[in-house]
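Q: Provided herewith is a single structure, encoded as structure tokens, for subsequent inquiry.
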Amino acid sequence: MFPLSTLAAQALLIGGVSVLMAVMISVIDSIVNNYGDVQLDINGKKQVTVKGGSKLLGTLADQGIFLPSACGGRGSCGACKCQVKSDVGPHLPTEVPYLTQQELRENVRLACQVKVKADIGIQIPEELFNIKKLSCTVESMTNLTYDIKEVRLKLPEGSDLTYTAGQYGQIEVPAYGGIREPSARAYSFASAPQEKDTLEFLIRLVPGGTVTTYVHKFLKVGDKINVVAPVGDFRVHDTQAAMICVGGGSGMAPFRSIFRDMEARGVLGERDIWYFFGGHSVKDLYFMDWLKELAAKYERFHFIPAVSEPGPGEVWEGKPARLIDVLAERFKTEIPRELAKEGYLCGSPGMLDASMEIMRKNGMTDDKIYFDKFA
Amino acid sequence: MKMTEQLKKAQANLVPGAIVEEGFLGHDRRPLADIIQHDEEAFAEHGLSWDAVAERLKYLLVEGEKGLGEPVTVEGKWRVFVYEARGQFACPWEDGLFHKDSVTVQRLENGKPVGDRLVFNQLCIHMLEKHHFLEGLGSSFRLHPAALRNVLNL
């Protein structure tokens with residue numbers, strides 16, 4: 001058996017060596033990973049000096065330039081694409097699945113994966129310069145259904161946010177529970193652009209979803225929450241073509257914004273609009289009175305609700321059917337084939353693909369079908 | 001069960017922020033090898049087969065996708081809701097990329113959902129089938145063996 005003093009000396013020695021190694025690692029890290037100041041050239045127009053060593057997405061955000069990102073920079077959404085004009089090394093395996101062959105050839109990169117180590121030049125769409133990070137205050141939260149909330153946010157004084165109906169914002173929630181860092185996800189605006197001091201979102205609770213769980217379980221009136229906006233190019237095209245709109249569940253959000261905007265501009269009754277909205281059961285439907293009022297007020301606005309499986313005891317006057325089945329049926333019975341049409345879709349990839357297939361079968365072409373995919 | 005180098009690497013990817021914000025371990029502090037071994041024993045106790053469970057989950061995922069973003073009733077036995085999210089994530093074992101989605105399954109009685117609720121995604125099915133990993137206790141996507149037996153009718 002060793003005397004206690006020997007054990008204590010060994011413990012001290014091991015502790016000392018550990019501290020020495022930690023110091024050495026820290027020193028080596030500061031030398032090896034110290035990239036110093038680097039020049040960041042944006043679109044050949046703006047040059048800034050930034051501290052090297054961080055990911056491009058975060059570096060740009062520090063400069064007030066926000067690229068779209070639906071996953072908060074974890075390389076799992078593929079949204080934060082930008083063209084890199086300088087050599088930053090080969091594409092990483094984490095980037096390749098999100099890039100087309102053309103994007104690979106043009107050195108389009110995921111900004112959340114590229115580390116800024118040396119002078120770097122990038123090309124981004126000009127409209128991204130308009131995206132801001134806004135510290136909003138929760139003004140109200142309303143349960144529209146058992147799993148969809150309307151979240152109304154007050155914009156900070158003097159924020160002067162200008163956006164187009166159909167665009168979206170990235171809501172950032174703080175670390176909570178076992179989640180150690182802030183998380184961000186993209187949600188379409190449901191408010192009209194004319195409402196200058198507020199933003200509205202329709203947020204459906206996704207089981208296991210990080211941001212939707214926070215919004216539904218923890219967010220409350222009076223809380224501060226960051227929104228990066230405006231983002232996206234989903235919008236109504238300024239033509240006289242009939243609009244065939246499909247968006248069930250929380251996919252109503254951009255259409256609520258679009259219809260409110262068109263009404264505010266006095267153009268809602270000027271072109272034919274069919275809006276297909278549906279849910280699984282009657283309790284999944286919401287804003288029905290508002291949509292029925294629009295249909296009653298504007299002769300050319302056609303509201304088509306659908307319910308696929310009315311729940312026990314629920315009354316549904318129509319025939320139970322999925323939204324896309326109702327869409328297919330109305331193309332046969334109600335929507336004139338010769339009418340010039342544009343498709344506007346918001347929802348899951350499966351719903352969008354099925355809707356597009358029906359639209360194609362009815363003479364519509366892909367270049368006239370616009371969509372806001374959840375995924 | 002011994003923590004192999006492969007398991008050590010996987011365990012590093014299971015923590016919050018490495019692949020997903022929440023991580024895969026919930027409040028479970030056991031080594032990955034112990035979590036897997038415990039769940040293998042629980043599977044045996046409940047008479048569950050890894051392949052049969054994986055096949056049933058895949059079947060329900062495919063049927064649920066037909067709801068196109070809304071819940072559907074499958075065979076009159078299950079209510080399945082598939083929510084598709086943007087992007088994909090890597091398996092902690094670094095052997096594949098899987099689409100982000102969230103599948104919710106509940107058993108039906110007289111048309112109403114009853115009992116345990118399973119929440120999983122494509123990666124969960126892969127980790128169950130290939131690595132016998134059901135996620136840690138307290139994880140949002142943890143597949144409890146007893147819940148699997150109760151909900152899947154296996």
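As shown in the structure tokens, the chain order sets the letters A, B, ...; within each chain, residues go from 1, and ligands are also counted from 1 in the order they appear.
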Which polymer residues have any atom within 12 Å of an atom of Tyr83 of chain B, counting only C-alpha atoms, with same-chain residues fewer than 5 positions away left out, as a PDB file with N, CA and C atoms, in the first residue's frame?

A:
```
ATOM      1  N   ARG A 204     -47.414  25.835 -36.658  1.00  0.00           N
ATOM      2  CA  ARG A 204     -47.972  24.534 -36.300  1.00  0.00           C
ATOM      3  C   ARG A 204     -46.977  23.771 -35.431  1.00  0.00           C
ATOM      4  N   LEU A 205     -47.477  23.184 -34.379  1.00  0.00           N
ATOM      5  CA  LEU A 205     -46.615  22.393 -33.486  1.00  0.00           C
ATOM      6  C   LEU A 205     -46.183  21.118 -34.207  1.00  0.00           C
ATOM      7  N   VAL A 206     -44.873  20.980 -34.351  1.00  0.00           N
ATOM      8  CA  VAL A 206     -44.323  19.766 -34.961  1.00  0.00           C
ATOM      9  C   VAL A 206     -43.780  18.884 -33.840  1.00  0.00           C
ATOM     10  N   PRO A 207     -44.291  17.669 -33.679  1.00  0.00           N
ATOM     11  CA  PRO A 207     -43.761  16.810 -32.615  1.00  0.00           C
ATOM     12  C   PRO A 207     -42.237  16.680 -32.714  1.00  0.00           C
ATOM     13  N   GLY A 208     -41.548  17.015 -31.647  1.00  0.00           N
ATOM     14  CA  GLY A 208     -40.089  16.941 -31.654  1.00  0.00           C
ATOM     15  C   GLY A 208     -39.425  18.158 -32.274  1.00  0.00           C
ATOM     16  N   GLY A 209     -40.210  19.107 -32.769  1.00  0.00           N
ATOM     17  CA  GLY A 209     -39.640  20.288 -33.429  1.00  0.00           C
ATOM     18  C   GLY A 209     -39.086  21.270 -32.409  1.00  0.00           C
ATOM     19  N   GLY A 249     -53.495  23.509 -43.724  1.00  0.00           N
ATOM     20  CA  GLY A 249     -52.820  23.624 -42.431  1.00  0.00           C
ATOM     21  C   GLY A 249     -52.201  24.999 -42.257  1.00  0.00           C
ATOM     22  N   SER A 250     -50.966  25.038 -41.748  1.00  0.00           N
ATOM     23  CA  SER A 250     -50.298  26.328 -41.575  1.00  0.00           C
ATOM     24  C   SER A 250     -49.817  26.880 -42.911  1.00  0.00           C
ATOM     25  N   GLY A 347     -46.807  24.329 -48.828  1.00  0.00           N
ATOM     26  CA  GLY A 347     -47.039  23.136 -48.013  1.00  0.00           C
ATOM     27  C   GLY A 347     -45.891  22.157 -48.091  1.00  0.00           C
ATOM     28  N   SER A 348     -46.180  20.920 -47.730  1.00  0.00           N
ATOM     29  CA  SER A 348     -45.138  19.887 -47.704  1.00  0.00           C
ATOM     30  C   SER A 348     -44.742  19.515 -49.136  1.00  0.00           C
ATOM     31  N   PRO A 349     -43.542  18.972 -49.306  1.00  0.00           N
ATOM     32  CA  PRO A 349     -43.109  18.580 -50.653  1.00  0.00           C
ATOM     33  C   PRO A 349     -44.084  17.606 -51.307  1.00  0.00           C
ATOM     34  N   GLY A 350     -44.620  16.685 -50.532  1.00  0.00           N
ATOM     35  CA  GLY A 350     -45.552  15.701 -51.095  1.00  0.00           C
ATOM     36  C   GLY A 350     -46.807  16.365 -51.626  1.00  0.00           C
ATOM     37  N   MET A 351     -47.329  17.315 -50.854  1.00  0.00           N
ATOM     38  CA  MET A 351     -48.543  18.014 -51.278  1.00  0.00           C
ATOM     39  C   MET A 351     -48.255  18.863 -52.518  1.00  0.00           C
ATOM     40  N   PHE A 374     -42.270  23.751 -47.710  1.00  0.00           N
ATOM     41  CA  PHE A 374     -41.875  23.625 -46.309  1.00  0.00           C
ATOM     42  C   PHE A 374     -40.493  22.973 -46.217  1.00  0.00           C
ATOM     43  N   ALA A 375     -40.164  22.148 -47.174  1.00  0.00           N
ATOM     44  CA  ALA A 375     -38.933  21.357 -47.083  1.00  0.00           C
ATOM     45  C   ALA A 375     -38.105  21.503 -48.332  1.00  0.00           C
TER      46      ALA A 375
ATOM     47  N   LEU B  61     -44.634   5.071 -42.124  1.00  0.00           N
ATOM     48  CA  LEU B  61     -44.087   6.304 -42.706  1.00  0.00           C
ATOM     49  C   LEU B  61     -44.614   6.489 -44.134  1.00  0.00           C
ATOM     50  N   GLY B  64     -48.274   7.215 -44.071  1.00  0.00           N
ATOM     51  CA  GLY B  64     -48.501   8.556 -43.528  1.00  0.00           C
ATOM     52  C   GLY B  64     -48.174   9.648 -44.525  1.00  0.00           C
ATOM     53  N   GLU B  65     -47.178   9.399 -45.380  1.00  0.00           N
ATOM     54  CA  GLU B  65     -46.810  10.400 -46.386  1.00  0.00           C
ATOM     55  C   GLU B  65     -47.953  10.657 -47.364  1.00  0.00           C
ATOM     56  N   LYS B  66     -48.853   9.685 -47.469  1.00  0.00           N
ATOM     57  CA  LYS B  66     -49.988   9.862 -48.391  1.00  0.00           C
ATOM     58  C   LYS B  66     -50.952  10.930 -47.895  1.00  0.00           C
ATOM     59  N   GLY B  67     -50.834  11.295 -46.630  1.00  0.00           N
ATOM     60  CA  GLY B  67     -51.657  12.375 -46.083  1.00  0.00           C
ATOM     61  C   GLY B  67     -51.232  13.748 -46.577  1.00  0.00           C
ATOM     62  N   LEU B  68     -50.073  13.813 -47.230  1.00  0.00           N
ATOM     63  CA  LEU B  68     -49.571  15.068 -47.815  1.00  0.00           C
ATOM     64  C   LEU B  68     -49.603  16.222 -46.820  1.00  0.00           C
ATOM     65  N   GLY B  69     -49.092  15.945 -45.637  1.00  0.00           N
ATOM     66  CA  GLY B  69     -48.999  17.009 -44.630  1.00  0.00           C
ATOM     67  C   GLY B  69     -50.146  17.027 -43.646  1.00  0.00           C
ATOM     68  N   GLU B  70     -51.125  16.137 -43.814  1.00  0.00           N
ATOM     69  CA  GLU B  70     -52.229  16.032 -42.861  1.00  0.00           C
ATOM     70  C   GLU B  70     -52.265  14.605 -42.314  1.00  0.00           C
ATOM     71  N   PRO B  71     -52.838  14.388 -41.132  1.00  0.00           N
ATOM     72  CA  PRO B  71     -52.896  13.033 -40.577  1.00  0.00           C
ATOM     73  C   PRO B  71     -53.763  12.105 -41.443  1.00  0.00           C
ATOM     74  N   VAL B  72     -53.459  10.831 -41.407  1.00  0.00           N
ATOM     75  CA  VAL B  72     -54.278   9.839 -42.122  1.00  0.00           C
ATOM     76  C   VAL B  72     -54.538   8.650 -41.192  1.00  0.00           C
ATOM     77  N   HIS B  99     -33.599  12.388 -44.658  1.00  0.00           N
ATOM     78  CA  HIS B  99     -34.484  13.554 -44.718  1.00  0.00           C
ATOM     79  C   HIS B  99     -35.047  13.847 -43.342  1.00  0.00           C
ATOM     80  N   LYS B 100     -35.133  15.126 -43.044  1.00  0.00           N
ATOM     81  CA  LYS B 100     -35.744  15.556 -41.788  1.00  0.00           C
ATOM     82  C   LYS B 100     -37.249  15.387 -41.926  1.00  0.00           C
ATOM     83  N   ASP B 101     -37.844  14.733 -41.014  1.00  0.00           N
ATOM     84  CA  ASP B 101     -39.293  14.660 -40.965  1.00  0.00           C
ATOM     85  C   ASP B 101     -39.673  14.292 -39.538  1.00  0.00           C
ATOM     86  N   SER B 102     -40.948  14.341 -39.278  1.00  0.00           N
ATOM     87  CA  SER B 102     -41.423  13.990 -37.958  1.00  0.00           C
ATOM     88  C   SER B 102     -42.691  13.162 -38.161  1.00  0.00           C
ATOM     89  N   VAL B 103     -42.631  11.903 -37.737  1.00  0.00           N
ATOM     90  CA  VAL B 103     -43.762  10.992 -37.918  1.00  0.00           C
ATOM     91  C   VAL B 103     -44.381  10.728 -36.544  1.00  0.00           C
ATOM     92  N   THR B 104     -45.678  10.926 -36.445  1.00  0.00           N
ATOM     93  CA  THR B 104     -46.383  10.657 -35.192  1.00  0.00           C
ATOM     94  C   THR B 104     -47.383   9.534 -35.431  1.00  0.00           C
ATOM     95  N   VAL B 105     -47.345   8.508 -34.579  1.00  0.00           N
ATOM     96  CA  VAL B 105     -48.256   7.360 -34.743  1.00  0.00           C
ATOM     97  C   VAL B 105     -48.955   7.086 -33.421  1.00  0.00           C
ATOM     98  N   VAL B 119     -43.114   9.033 -31.754  1.00  0.00           N
ATOM     99  CA  VAL B 119     -42.629  10.132 -32.596  1.00  0.00           C
ATOM    100  C   VAL B 119     -41.253   9.714 -33.107  1.00  0.00           C
ATOM    101  N   PHE B 120     -41.113   9.683 -34.417  1.00  0.00           N
ATOM    102  CA  PHE B 120     -39.826   9.246 -34.974  1.00  0.00           C
ATOM    103  C   PHE B 120     -39.609   9.908 -36.333  1.00  0.00           C
ATOM    104  N   ASN B 121     -38.457   9.625 -36.915  1.00  0.00           N
ATOM    105  CA  ASN B 121     -38.175  10.112 -38.269  1.00  0.00           C
ATOM    106  C   ASN B 121     -37.371   9.038 -39.005  1.00  0.00           C
ATOM    107  N   GLN B 122     -36.984   9.342 -40.225  1.00  0.00           N
ATOM    108  CA  GLN B 122     -36.274   8.323 -41.031  1.00  0.00           C
ATOM    109  C   GLN B 122     -34.958   7.918 -40.379  1.00  0.00           C
TER     110      GLN B 122
END
```

Q: Could you list, with a cut-off of 9 Å and counting only C-alpha atoms, the residues of chain A near chain B, each shown with its nearest atom pair and the distance in Å rounded to one decimal, rows sorted by chain and ascending number, as a tab-separated table?

A:
```
residue	atom	partner	partner_atom	distance
A:Ala70	CA	B:Arg86	CA	7.3
A:Cys71	CA	B:Arg86	CA	8.2
A:Arg74	CA	B:Ile19	CA	7.2
A:Gly75	CA	B:Phe89	CA	8.1
A:Ser76	CA	B:Gly87	CA	5.1
A:Cys77	CA	B:Gly87	CA	3.9
A:Gly78	CA	B:Gly87	CA	6.5
A:Ala79	CA	B:Gly87	CA	8.7
A:Thr94	CA	B:Ala90	CA	8.7
A:Pro97	CA	B:Leu97	CA	8.9
A:Tyr98	CA	B:Gly87	CA	8.4
A:Gly177	CA	B:Glu22	CA	8.3
A:Gly178	CA	B:Glu22	CA	5.8
A:Ile179	CA	B:Glu22	CA	4.7
A:Arg180	CA	B:Pro16	CA	6.7
A:Glu181	CA	B:Glu21	CA	7.2
A:Pro182	CA	B:Glu21	CA	8.6
A:Ser183	CA	B:Glu21	CA	7.3
A:Val206	CA	B:Tyr83	CA	7.1
A:Pro207	CA	B:Ser102	CA	6.5
A:Gly208	CA	B:Ser140	CA	5.3
A:Gly209	CA	B:Ser102	CA	8.0
A:Thr210	CA	B:Glu22	CA	7.4
A:Gly248	CA	B:Gly69	CA	8.1
A:Gly249	CA	B:Glu70	CA	7.6
A:Gly278	CA	B:Glu70	CA	8.8
A:Gly279	CA	B:Glu70	CA	6.3
A:His280	CA	B:Glu70	CA	5.6
A:Ser281	CA	B:Pro71	CA	8.9
A:Ser308	CA	B:Val72	CA	8.3
A:Glu309	CA	B:Val72	CA	7.9
A:Gly311	CA	B:Gly111	CA	7.8
A:Pro312	CA	B:Gly111	CA	7.0
A:Arg322	CA	B:Gly67	CA	7.9
A:Leu323	CA	B:Leu68	CA	9.0
A:Ile324	CA	B:Leu68	CA	8.8
A:Gly347	CA	B:Gly69	CA	7.3
A:Ser348	CA	B:Gly69	CA	5.7
A:Pro349	CA	B:Glu84	CA	7.3
A:Gly350	CA	B:Leu68	CA	5.2
A:Met351	CA	B:Leu68	CA	4.7
A:Leu352	CA	B:Leu68	CA	8.4
A:Ala354	CA	B:Leu68	CA	8.3
A:Lys373	CA	B:Arg86	CA	8.2
A:Phe374	CA	B:Arg86	CA	6.1
A:Ala375	CA	B:Arg86	CA	3.4
```

Q: So that I can check the secondary structure, give me every residue of segment 19-116 of chain B assigned strand (DSSP E) by backbone DSSP, as number ranges by chain.

A: B: 72-74, 78-90, 97-109, 112-116

Q: When you draw a straight line from atom CA of Lys117 of chain A to atom CA of Gly36 of chain A, how long is it in Å?

A: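 Computing the Euclidean distance for atom CA of Lys117 of chain A and atom CA of Gly36 of chain A yields 8.4 Å.
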
Q: Neighbours of Ile35 of chain B within 10 Å (only C-alpha atoms; same-chain residues fewer than 3 positions away dropped), as a list in words?

A: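 Residues near the query, excluding close chain neighbours: Met1, Leu25, Asp28, Arg29, Arg30, Pro31, Leu32, His38, Asp39, Glu40, His132, Phe133, Leu134, Glu135, Gly136 and Leu137 of chain B.
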
Q: Please dump the current selection as an mmCIF file, in the first residue's frame; keep C-alpha atoms.

A:
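result_18.cif, written as the output of this step:
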```cif
data_model
loop_
_atom_site.group_PDB
_atom_site.id
_atom_site.type_symbol
_atom_site.label_atom_id
_atom_site.label_comp_id
_atom_site.auth_asym_id
_atom_site.auth_seq_id
_atom_site.Cartn_x
_atom_site.Cartn_y
_atom_site.Cartn_z
ATOM 1 C CA MET B 1 -20.913 -3.935 -23.625
ATOM 2 C CA LEU B 25 -29.565 11.431 -25.524
ATOM 3 C CA ASP B 28 -29.566 9.952 -20.269
ATOM 4 C CA ARG B 29 -25.990 10.003 -18.938
ATOM 5 C CA ARG B 30 -25.152 6.346 -19.570
ATOM 6 C CA PRO B 31 -22.451 5.389 -22.067
ATOM 7 C CA LEU B 32 -23.885 4.619 -25.500
ATOM 8 C CA HIS B 38 -30.263 -2.194 -22.107
ATOM 9 C CA ASP B 39 -32.607 -1.663 -25.046
ATOM 10 C CA GLU B 40 -31.537 -4.930 -26.653
ATOM 11 C CA HIS B 132 -30.122 -0.887 -32.245
ATOM 12 C CA PHE B 133 -30.177 2.678 -30.898
ATOM 13 C CA LEU B 134 -33.553 4.011 -29.742
ATOM 14 C CA GLU B 135 -32.172 7.340 -28.385
ATOM 15 C CA GLY B 136 -31.596 8.201 -24.747
ATOM 16 C CA LEU B 137 -34.172 8.533 -21.991
#
```

Q: So which residues touch Glu5 of chain B within 12 Å, counting only C-alpha atoms, skipping near sequence neighbours fewer than 4 positions away, as a PyMOL selection string?

A: chain B and resi 9-12+32-33+93

Q: Which residues in segment 179-297 of chain A does DSSP call helix (DSSP H, G or I)? List them as JSON, numbers by chain.

A: {"A": [210, 211, 212, 213, 214, 215, 216, 217, 249, 250, 251, 252, 253, 254, 255, 256, 257, 258, 259, 260, 261, 262, 263, 264, 268, 269, 270, 282, 283, 284, 288, 289, 290, 291, 292, 293, 294, 295, 296, 297]}

Q: Between atom CA of Asn130 of chain A and atom CA of Arg109 of chain A, what distance in Å does the model show, to one decimal?

A: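 About the pair atom CA of Asn130 of chain A and atom CA of Arg109 of chain A: they are 21.1 Å apart.
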
Q: Which polymer residues have any atom within 6 Å of an atom of Gln106 of chain B, counting only C-alpha atoms, with same-chain residues fewer than 2 positions away left out, as a list in words?

A: Trp78, Arg79, Pro113 and Arg117 of chain B

Q: Would you write out those residues with all heavy atoms, as a PDB file, in the first residue's frame?

A:
```pdb
ATOM      1  N   TRP B  78     -54.376   2.833 -37.043  1.00  0.00           N
ATOM      2  CA  TRP B  78     -53.413   3.845 -36.608  1.00  0.00           C
ATOM      3  C   TRP B  78     -53.765   5.218 -37.182  1.00  0.00           C
ATOM      4  O   TRP B  78     -54.238   5.311 -38.330  1.00  0.00           O
ATOM      5  CB  TRP B  78     -51.989   3.494 -37.079  1.00  0.00           C
ATOM      6  CG  TRP B  78     -51.414   2.268 -36.495  1.00  0.00           C
ATOM      7  CD1 TRP B  78     -50.941   2.085 -35.231  1.00  0.00           C
ATOM      8  CD2 TRP B  78     -51.229   1.012 -37.177  1.00  0.00           C
ATOM      9  NE1 TRP B  78     -50.465   0.812 -35.078  1.00  0.00           N
ATOM     10  CE2 TRP B  78     -50.625   0.122 -36.241  1.00  0.00           C
ATOM     11  CE3 TRP B  78     -51.487   0.543 -38.457  1.00  0.00           C
ATOM     12  CZ2 TRP B  78     -50.294  -1.187 -36.568  1.00  0.00           C
ATOM     13  CZ3 TRP B  78     -51.169  -0.759 -38.789  1.00  0.00           C
ATOM     14  CH2 TRP B  78     -50.577  -1.610 -37.845  1.00  0.00           C
ATOM     15  N   ARG B  79     -53.485   6.261 -36.396  1.00  0.00           N
ATOM     16  CA  ARG B  79     -53.507   7.629 -36.900  1.00  0.00           C
ATOM     17  C   ARG B  79     -52.051   8.023 -37.097  1.00  0.00           C
ATOM     18  O   ARG B  79     -51.254   7.959 -36.148  1.00  0.00           O
ATOM     19  CB  ARG B  79     -54.192   8.533 -35.870  1.00  0.00           C
ATOM     20  CG  ARG B  79     -54.195  10.022 -36.180  1.00  0.00           C
ATOM     21  CD  ARG B  79     -55.100  10.456 -37.336  1.00  0.00           C
ATOM     22  NE  ARG B  79     -56.391   9.797 -37.364  1.00  0.00           N
ATOM     23  CZ  ARG B  79     -57.441  10.123 -36.610  1.00  0.00           C
ATOM     24  NH1 ARG B  79     -57.354  11.113 -35.764  1.00  0.00           N
ATOM     25  NH2 ARG B  79     -58.583   9.460 -36.704  1.00  0.00           N
ATOM     26  N   PRO B 113     -57.627   8.322 -31.212  1.00  0.00           N
ATOM     27  CA  PRO B 113     -56.271   7.938 -30.806  1.00  0.00           C
ATOM     28  C   PRO B 113     -56.211   7.650 -29.303  1.00  0.00           C
ATOM     29  O   PRO B 113     -56.762   8.415 -28.511  1.00  0.00           O
ATOM     30  CB  PRO B 113     -55.428   9.166 -31.141  1.00  0.00           C
ATOM     31  CG  PRO B 113     -56.259   9.976 -32.076  1.00  0.00           C
ATOM     32  CD  PRO B 113     -57.684   9.687 -31.742  1.00  0.00           C
ATOM     33  N   ARG B 117     -47.849   7.321 -27.743  1.00  0.00           N
ATOM     34  CA  ARG B 117     -47.655   7.991 -29.030  1.00  0.00           C
ATOM     35  C   ARG B 117     -46.201   7.822 -29.444  1.00  0.00           C
ATOM     36  O   ARG B 117     -45.307   8.097 -28.644  1.00  0.00           O
ATOM     37  CB  ARG B 117     -47.984   9.469 -28.864  1.00  0.00           C
ATOM     38  CG  ARG B 117     -48.118  10.228 -30.147  1.00  0.00           C
ATOM     39  CD  ARG B 117     -48.494  11.671 -29.874  1.00  0.00           C
ATOM     40  NE  ARG B 117     -47.383  12.405 -29.282  1.00  0.00           N
ATOM     41  CZ  ARG B 117     -47.137  13.705 -29.495  1.00  0.00           C
ATOM     42  NH1 ARG B 117     -47.948  14.418 -30.239  1.00  0.00           N
ATOM     43  NH2 ARG B 117     -46.112  14.305 -28.936  1.00  0.00           N
TER      44      ARG B 117
END
```
